[in-house]
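File shown: start-v1.pdb (PDB, C-alpha atoms).
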ATOM      1  CA  MET A   1      32.362 -21.265  18.385  1.00  0.00           C
ATOM      2  CA  PRO A   2      33.906 -17.914  19.257  1.00  0.00           C
ATOM      3  CA  ALA A   3      34.937 -17.162  22.807  1.00  0.00           C
ATOM      4  CA  HIS A   4      32.598 -14.806  24.644  1.00  0.00           C
ATOM      5  CA  SER A   5      35.005 -12.586  26.515  1.00  0.00           C
ATOM      6  CA  ARG A   6      32.693  -9.588  26.551  1.00  0.00           C
ATOM      7  CA  LEU A   7      29.064  -8.715  26.124  1.00  0.00           C
ATOM      8  CA  LEU A   8      28.392  -8.203  22.425  1.00  0.00           C
ATOM      9  CA  VAL A   9      24.760  -7.062  22.653  1.00  0.00           C
ATOM     10  CA  SER A  10      22.447  -5.428  25.161  1.00  0.00           C
ATOM     11  CA  THR A  11      18.893  -4.228  25.443  1.00  0.00           C
ATOM     12  CA  ASP A  12      19.967  -0.826  26.785  1.00  0.00           C
ATOM     13  CA  VAL A  13      19.042   1.176  23.709  1.00  0.00           C
ATOM     14  CA  GLY A  14      18.387   4.704  24.971  1.00  0.00           C
ATOM     15  CA  ASP A  15      15.870   7.022  23.317  1.00  0.00           C
ATOM     16  CA  ILE A  16      14.818   5.478  20.012  1.00  0.00           C
ATOM     17  CA  GLY A  17      11.469   7.269  19.701  1.00  0.00           C
ATOM     18  CA  PRO A  18      12.315   9.441  16.666  1.00  0.00           C
ATOM     19  CA  GLU A  19      13.678   6.511  14.651  1.00  0.00           C
ATOM     20  CA  VAL A  20      10.686   4.316  15.536  1.00  0.00           C
ATOM     21  CA  ARG A  21       8.176   7.017  14.528  1.00  0.00           C
ATOM     22  CA  ARG A  22      10.008   7.566  11.239  1.00  0.00           C
ATOM     23  CA  LEU A  23      10.009   3.840  10.419  1.00  0.00           C
ATOM     24  CA  PHE A  24       6.297   3.454  11.254  1.00  0.00           C
ATOM     25  CA  GLU A  25       5.525   6.479   9.047  1.00  0.00           C
ATOM     26  CA  ASP A  26       7.530   4.855   6.238  1.00  0.00           C
ATOM     27  CA  LEU A  27       5.525   1.636   6.650  1.00  0.00           C
ATOM     28  CA  ALA A  28       2.258   3.585   6.427  1.00  0.00           C
ATOM     29  CA  ARG A  29       3.397   5.405   3.262  1.00  0.00           C
ATOM     30  CA  GLN A  30       4.519   2.192   1.562  1.00  0.00           C
ATOM     31  CA  ARG A  31       1.307   0.334   2.429  1.00  0.00           C
ATOM     32  CA  PRO A  32      -1.546   2.851   1.905  1.00  0.00           C
ATOM     33  CA  ASP A  33      -4.032   0.194   0.757  1.00  0.00           C
ATOM     34  CA  ARG A  34      -3.811  -1.840   3.966  1.00  0.00           C
ATOM     35  CA  ARG A  35      -5.532  -1.097   7.213  1.00  0.00           C
ATOM     36  CA  HIS A  36      -3.000  -0.613   9.941  1.00  0.00           C
ATOM     37  CA  ALA A  37      -2.910  -2.851  12.985  1.00  0.00           C
ATOM     38  CA  VAL A  38      -2.650  -0.126  15.580  1.00  0.00           C
ATOM     39  CA  SER A  39      -4.996  -1.622  18.159  1.00  0.00           C
ATOM     40  CA  GLY A  40      -2.804  -4.563  19.063  1.00  0.00           C
ATOM     41  CA  GLU A  41       0.673  -5.017  20.404  1.00  0.00           C
ATOM     42  CA  CYS A  42       3.058  -7.685  19.245  1.00  0.00           C
ATOM     43  CA  LEU A  43       6.443  -8.768  20.599  1.00  0.00           C
ATOM     44  CA  PRO A  44       8.201 -11.224  18.274  1.00  0.00           C
ATOM     45  CA  LEU A  45      10.575 -13.639  19.945  1.00  0.00           C
ATOM     46  CA  LEU A  46      14.243 -12.846  19.299  1.00  0.00           C
ATOM     47  CA  ASP A  47      17.491 -14.825  19.385  1.00  0.00           C
ATOM     48  CA  VAL A  48      20.915 -13.180  19.073  1.00  0.00           C
ATOM     49  CA  PHE A  49      24.002 -15.323  18.612  1.00  0.00           C
ATOM     50  CA  GLU A  50      27.571 -15.143  17.336  1.00  0.00           C
ATOM     51  CA  THR A  51      28.877 -17.271  14.484  1.00  0.00           C
ATOM     52  CA  GLU A  52      32.133 -17.345  12.547  1.00  0.00           C
ATOM     53  CA  ARG A  53      30.590 -14.839  10.102  1.00  0.00           C
ATOM     54  CA  GLY A  54      29.366 -12.370  12.691  1.00  0.00           C
ATOM     55  CA  LEU A  55      26.330 -11.652  14.819  1.00  0.00           C
ATOM     56  CA  GLU A  56      22.939 -13.012  13.809  1.00  0.00           C
ATOM     57  CA  LEU A  57      19.534 -11.866  14.970  1.00  0.00           C
ATOM     58  CA  VAL A  58      16.575 -14.154  14.319  1.00  0.00           C
ATOM     59  CA  LEU A  59      13.000 -13.009  14.907  1.00  0.00           C
ATOM     60  CA  ASP A  60       9.829 -15.078  14.702  1.00  0.00           C
ATOM     61  CA  VAL A  61       7.472 -13.036  12.512  1.00  0.00           C
ATOM     62  CA  PRO A  62       4.875 -15.456  11.099  1.00  0.00           C
ATOM     63  CA  GLY A  63       2.220 -13.698   9.069  1.00  0.00           C
ATOM     64  CA  VAL A  64       4.362 -10.597   8.492  1.00  0.00           C
ATOM     65  CA  SER A  65       5.286  -9.784   4.915  1.00  0.00           C
ATOM     66  CA  ALA A  66       8.614  -8.304   3.846  1.00  0.00           C
ATOM     67  CA  ASP A  67       6.919  -4.974   3.065  1.00  0.00           C
ATOM     68  CA  GLY A  68       5.653  -4.934   6.660  1.00  0.00           C
ATOM     69  CA  LEU A  69       9.188  -4.875   8.092  1.00  0.00           C
ATOM     70  CA  ARG A  70      11.917  -2.262   8.421  1.00  0.00           C
ATOM     71  CA  VAL A  71      15.461  -2.886   9.699  1.00  0.00           C
ATOM     72  CA  LEU A  72      17.688   0.058  10.607  1.00  0.00           C
ATOM     73  CA  ILE A  73      21.283   0.061  11.866  1.00  0.00           C
ATOM     74  CA  LYS A  74      22.468   3.330  13.363  1.00  0.00           C
ATOM     75  CA  ASP A  75      25.286   4.005  15.844  1.00  0.00           C
ATOM     76  CA  GLY A  76      25.524   0.369  16.925  1.00  0.00           C
ATOM     77  CA  LEU A  77      21.749   0.016  17.329  1.00  0.00           C
ATOM     78  CA  VAL A  78      19.805  -2.566  15.324  1.00  0.00           C
ATOM     79  CA  LEU A  79      16.154  -1.579  15.175  1.00  0.00           C
ATOM     80  CA  VAL A  80      13.476  -3.892  13.753  1.00  0.00           C
ATOM     81  CA  VAL A  81      10.066  -2.309  13.272  1.00  0.00           C
ATOM     82  CA  GLY A  82       7.061  -4.050  11.813  1.00  0.00           C
ATOM     83  CA  GLU A  83       3.376  -4.539  11.653  1.00  0.00           C
ATOM     84  CA  LYS A  84       1.493  -7.826  11.849  1.00  0.00           C
ATOM     85  CA  GLU A  85      -2.061  -7.599  10.616  1.00  0.00           C
ATOM     86  CA  ARG A  86      -4.857  -9.469  12.344  1.00  0.00           C
ATOM     87  CA  SER A  87      -5.775 -12.455  10.214  1.00  0.00           C
ATOM     88  CA  GLY A  88      -8.319 -15.231  10.308  1.00  0.00           C
ATOM     89  CA  LEU A  89     -11.355 -12.971  10.488  1.00  0.00           C
ATOM     90  CA  GLY A  90     -14.219 -13.819   8.211  1.00  0.00           C
ATOM     91  CA  ASP A  91     -16.592 -11.286   6.707  1.00  0.00           C
ATOM     92  CA  GLY A  92     -18.960  -9.613   9.132  1.00  0.00           C
ATOM     93  CA  PRO A  93     -18.967  -9.361  12.922  1.00  0.00           C
ATOM     94  CA  ALA A  94     -17.372 -12.090  15.027  1.00  0.00           C
ATOM     95  CA  SER A  95     -17.399 -13.103  18.681  1.00  0.00           C
ATOM     96  CA  PHE A  96     -14.031 -14.277  19.904  1.00  0.00           C
ATOM     97  CA  HIS A  97     -13.869 -17.172  22.337  1.00  0.00           C
ATOM     98  CA  LEU A  98     -10.084 -17.425  22.553  1.00  0.00           C
ATOM     99  CA  VAL A  99      -7.394 -15.057  21.233  1.00  0.00           C
ATOM    100  CA  GLU A 100      -3.756 -16.072  21.681  1.00  0.00           C
ATOM    101  CA  ARG A 101      -2.061 -14.869  18.496  1.00  0.00           C
ATOM    102  CA  ASP A 102      -0.363 -11.479  18.679  1.00  0.00           C
ATOM    103  CA  PHE A 103      -0.962  -8.760  16.133  1.00  0.00           C
ATOM    104  CA  GLY A 104      -0.196  -5.078  15.761  1.00  0.00           C
ATOM    105  CA  ARG A 105       2.882  -2.935  15.565  1.00  0.00           C
ATOM    106  CA  PHE A 106       6.147  -4.046  17.116  1.00  0.00           C
ATOM    107  CA  VAL A 107       9.660  -2.823  17.810  1.00  0.00           C
ATOM    108  CA  ARG A 108      12.691  -4.888  18.770  1.00  0.00           C
ATOM    109  CA  ALA A 109      15.990  -3.127  19.442  1.00  0.00           C
ATOM    110  CA  VAL A 110      19.449  -4.511  20.137  1.00  0.00           C
ATOM    111  CA  ARG A 111      22.569  -2.486  20.919  1.00  0.00           C
ATOM    112  CA  VAL A 112      25.636  -4.141  19.393  1.00  0.00           C
ATOM    113  CA  HIS A 113      28.941  -3.724  21.269  1.00  0.00           C
ATOM    114  CA  ALA A 114      31.138  -5.290  18.601  1.00  0.00           C
ATOM    115  CA  ALA A 115      32.831  -4.115  15.414  1.00  0.00           C
ATOM    116  CA  ILE A 116      30.394  -4.981  12.614  1.00  0.00           C
ATOM    117  CA  ASP A 117      30.187  -4.115   8.936  1.00  0.00           C
ATOM    118  CA  ALA A 118      26.772  -2.407   8.815  1.00  0.00           C
ATOM    119  CA  GLY A 119      27.131  -1.870   5.052  1.00  0.00           C
ATOM    120  CA  GLY A 120      27.476  -5.622   4.552  1.00  0.00           C
ATOM    121  CA  ALA A 121      24.501  -6.557   6.748  1.00  0.00           C
ATOM    122  CA  THR A 122      21.683  -8.636   5.261  1.00  0.00           C
ATOM    123  CA  ALA A 123      18.081  -9.299   6.273  1.00  0.00           C
ATOM    124  CA  ARG A 124      16.211 -12.291   4.860  1.00  0.00           C
ATOM    125  CA  LEU A 125      12.606 -13.299   5.511  1.00  0.00           C
ATOM    126  CA  ALA A 126      11.730 -16.967   4.974  1.00  0.00           C
ATOM    127  CA  ALA A 127       9.072 -19.242   6.472  1.00  0.00           C
ATOM    128  CA  GLY A 128       8.033 -16.659   9.080  1.00  0.00           C
ATOM    129  CA  GLU A 129      11.578 -16.075  10.282  1.00  0.00           C
ATOM    130  CA  LEU A 130      13.554 -12.851   9.815  1.00  0.00           C
ATOM    131  CA  ARG A 131      17.316 -13.489   9.892  1.00  0.00           C
ATOM    132  CA  ILE A 132      19.618 -10.472  10.122  1.00  0.00           C
ATOM    133  CA  VAL A 133      23.340 -11.134   9.619  1.00  0.00           C
ATOM    134  CA  LEU A 134      25.828  -8.510  10.810  1.00  0.00           C
ATOM    135  CA  PRO A 135      29.278  -9.425   9.453  1.00  0.00           C
ATOM    136  CA  LYS A 136      32.239  -8.912  11.752  1.00  0.00           C
ATOM    137  CA  ILE A 137      34.977  -6.476  10.902  1.00  0.00           C
ATOM    138  CA  GLN A 138      38.222  -8.399  11.155  1.00  0.00           C
ATOM    139  CA  ASP A 139      40.394  -7.314  14.056  1.00  0.00           C
ATOM    140  CA  ARG A 140      43.554  -5.802  12.621  1.00  0.00           C
ATOM    141  CA  ARG A 141      45.380  -5.227  15.890  1.00  0.00           C
ATOM    142  CA  GLY A 142      48.602  -7.188  16.159  1.00  0.00           C
ATOM    143  CA  ARG A 143      49.277  -7.240  12.412  1.00  0.00           C
ATOM    144  CA  GLU A 144      52.408  -5.693  11.019  1.00  0.00           C
ATOM    145  CA  TYR A 145      52.110  -2.757   8.675  1.00  0.00           C
ATOM    146  CA  LEU A 146      55.164  -1.361   6.925  1.00  0.00           C
ATOM    147  CA  ILE A 147      54.608   2.343   6.423  1.00  0.00           C
ATOM    148  CA  PRO A 148      56.651   3.873   3.623  1.00  0.00           C
ATOM    149  CA  VAL A 149      58.610   7.024   4.387  1.00  0.00           C
ATOM    150  CA  THR A 150      58.410   9.680   1.708  1.00  0.00           C
ATOM    151  CA  LEU A 151      60.391  12.857   1.160  1.00  0.00           C
ATOM    152  CA  GLY A 152      58.830  16.241   1.274  1.00  0.00           C
TER     153      GLY A 152
END
Rewrite the structure of this file - the entire thing - as structure tokens.
Amino acid sequence: MPAHSRLLVSTDVGDIGPEVRRLFEDLARQRPDRRHAVSGECLPLLDVFETERGLELVLDVPGVSADGLRVLIKDGLVLVVGEKERSGLGDGPASFHLVERDFGRFVRAVRVHAAIDAGGATARLAAGELRIVLPKIQDRRGREYLIPVTLG
């Protein structure tokens, strides 16, 4: 495992309101036939860890489809926005006796303090788990570079 000589991520993300609004608007445009889960609030659990390949973010998002998720990387900020619809309701009115499952819109944001290749990042949803891989940019300090000298 890599040595952890410095903090690679933080939750200090600053003002992300405009990006969040834009991503929620995009979700609404892409899913016009679905009712939107605006009355609930959801906070998927998140793990962030470093591997040989880079940084990985893993979110628990059971019941969320791929078209209900947006992942944005901008200026070292990884923003995951989504919407989990309430499920399990039958037809007609219902009286709840116990409600423990989260639903609604959610935002998770992580500031990355490491050199990553945002263009090479991937996001894969499988079995209710969203895995985002942020490849490292190889550190080139300490390598020798012979620079040719040209005339003119």
Task: Ground truth for the PyMOL selection byres ((chain A and resi 76) around 10), written as a PyMOL selection string - done: chain A and resi 9+13+73-75+77-79+110-116+118
Open item on the list: Just the number, please: distance in Å from CA of Asp102 in chain A to CA of Leu43 in chain A, one decimal.
Closed with: 7.6 Å
TODO: Run through the PyMOL selection byres ((chain A and resi 80) around 6) on the given coordinates and return the selected residues as a PyMOL selection string.
DONE: chain A and resi 70-71+79+81+107-108
Open item on the list: Please compute the CA of Gly119 in chain A-CA of Tyr145 in chain A distance, one decimal, in Å.
Closed with: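 Taking CA of Gly119 in chain A as the start and CA of Tyr145 in chain A as the end point, the length is 25.3 Å.
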Open item on the list: For a quick check of understanding, using all atoms listed in the file, which of A:Leu59, A:Ile147, A:Leu125, A:Leu69 has the smallest distance to Phe24 in chain A?
Closed with: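 Using all atoms listed in the file, Phe24 in chain A sits closest to A:Leu69.
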TODO: Would you list the contacts of Gly120 in chain A as a PyMOL selection string, taking every protein, DNA or RNA residue within 12 Å and counting only C-alpha atoms, but skipping same-chain residues closer than 5 positions in sequence?
DONE: chain A and resi 53-55+73+132-137
TODO: May I ask which of the residues A:Gly152, A:Pro18, A:Gly128, A:Pro44 is the closest one to Phe103 in chain A, counting all atoms listed in the file?
DONE: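 For Phe103 in chain A, the nearest of the given residues is A:Pro44.
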Open item on the list: Ranking A:Leu46, A:Leu27, A:Val20, A:Glu144 by minimum distance to Asp60 in chain A and counting only C-alpha atoms, which one comes first?
Closed with: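 Of the candidates, the smallest distance to Asp60 in chain A is held by A:Leu46.
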Task: Nearest to Ala123 in chain A by atom-to-atom distance, counting only C-alpha atoms, from A:Pro93, A:Pro148, A:Glu56, A:Gly104 - done: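 Ranked by minimum distance to Ala123 in chain A, first place goes to A:Glu56.
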Task: Contact residues around Arg101 in chain A with only C-alpha atoms at 12 Å, ignoring same-chain residues under 6 positions, as number ranges by chain - done: A: 40-44, 61-63, 84-88
TODO: Would you mind reading off the distance between CA of Leu72 in chain A and CA of Ala109 in chain A, one decimal, in Å?
DONE: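 CA of Ala109 in chain A lies at a distance of 9.5 Å from CA of Leu72 in chain A.
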Open item on the list: For a quick check of understanding, using only C-alpha atoms, which of A:Leu45, A:Glu52, A:Leu151, A:Phe106 has the smallest distance to Leu130 in chain A?
Closed with: A:Leu45
Open item on the list: Measuring between all atoms listed in the file, which one of A:Glu129, A:Asp117, A:Asp67, A:Glu83 shows the shortest distance to Arg105 in chain A?
Closed with: A:Glu83
Quick one: what's the axis-aligned box for range 83-88 of chain A, all listed atoms, 6 Å on every side, centre and edges in Å to one decimal, as AutoDock Vina command-line options?
--center_x -2.5 --center_y -9.9 --center_z 11.3 --size_x 23.7 --size_y 22.7 --size_z 14.1
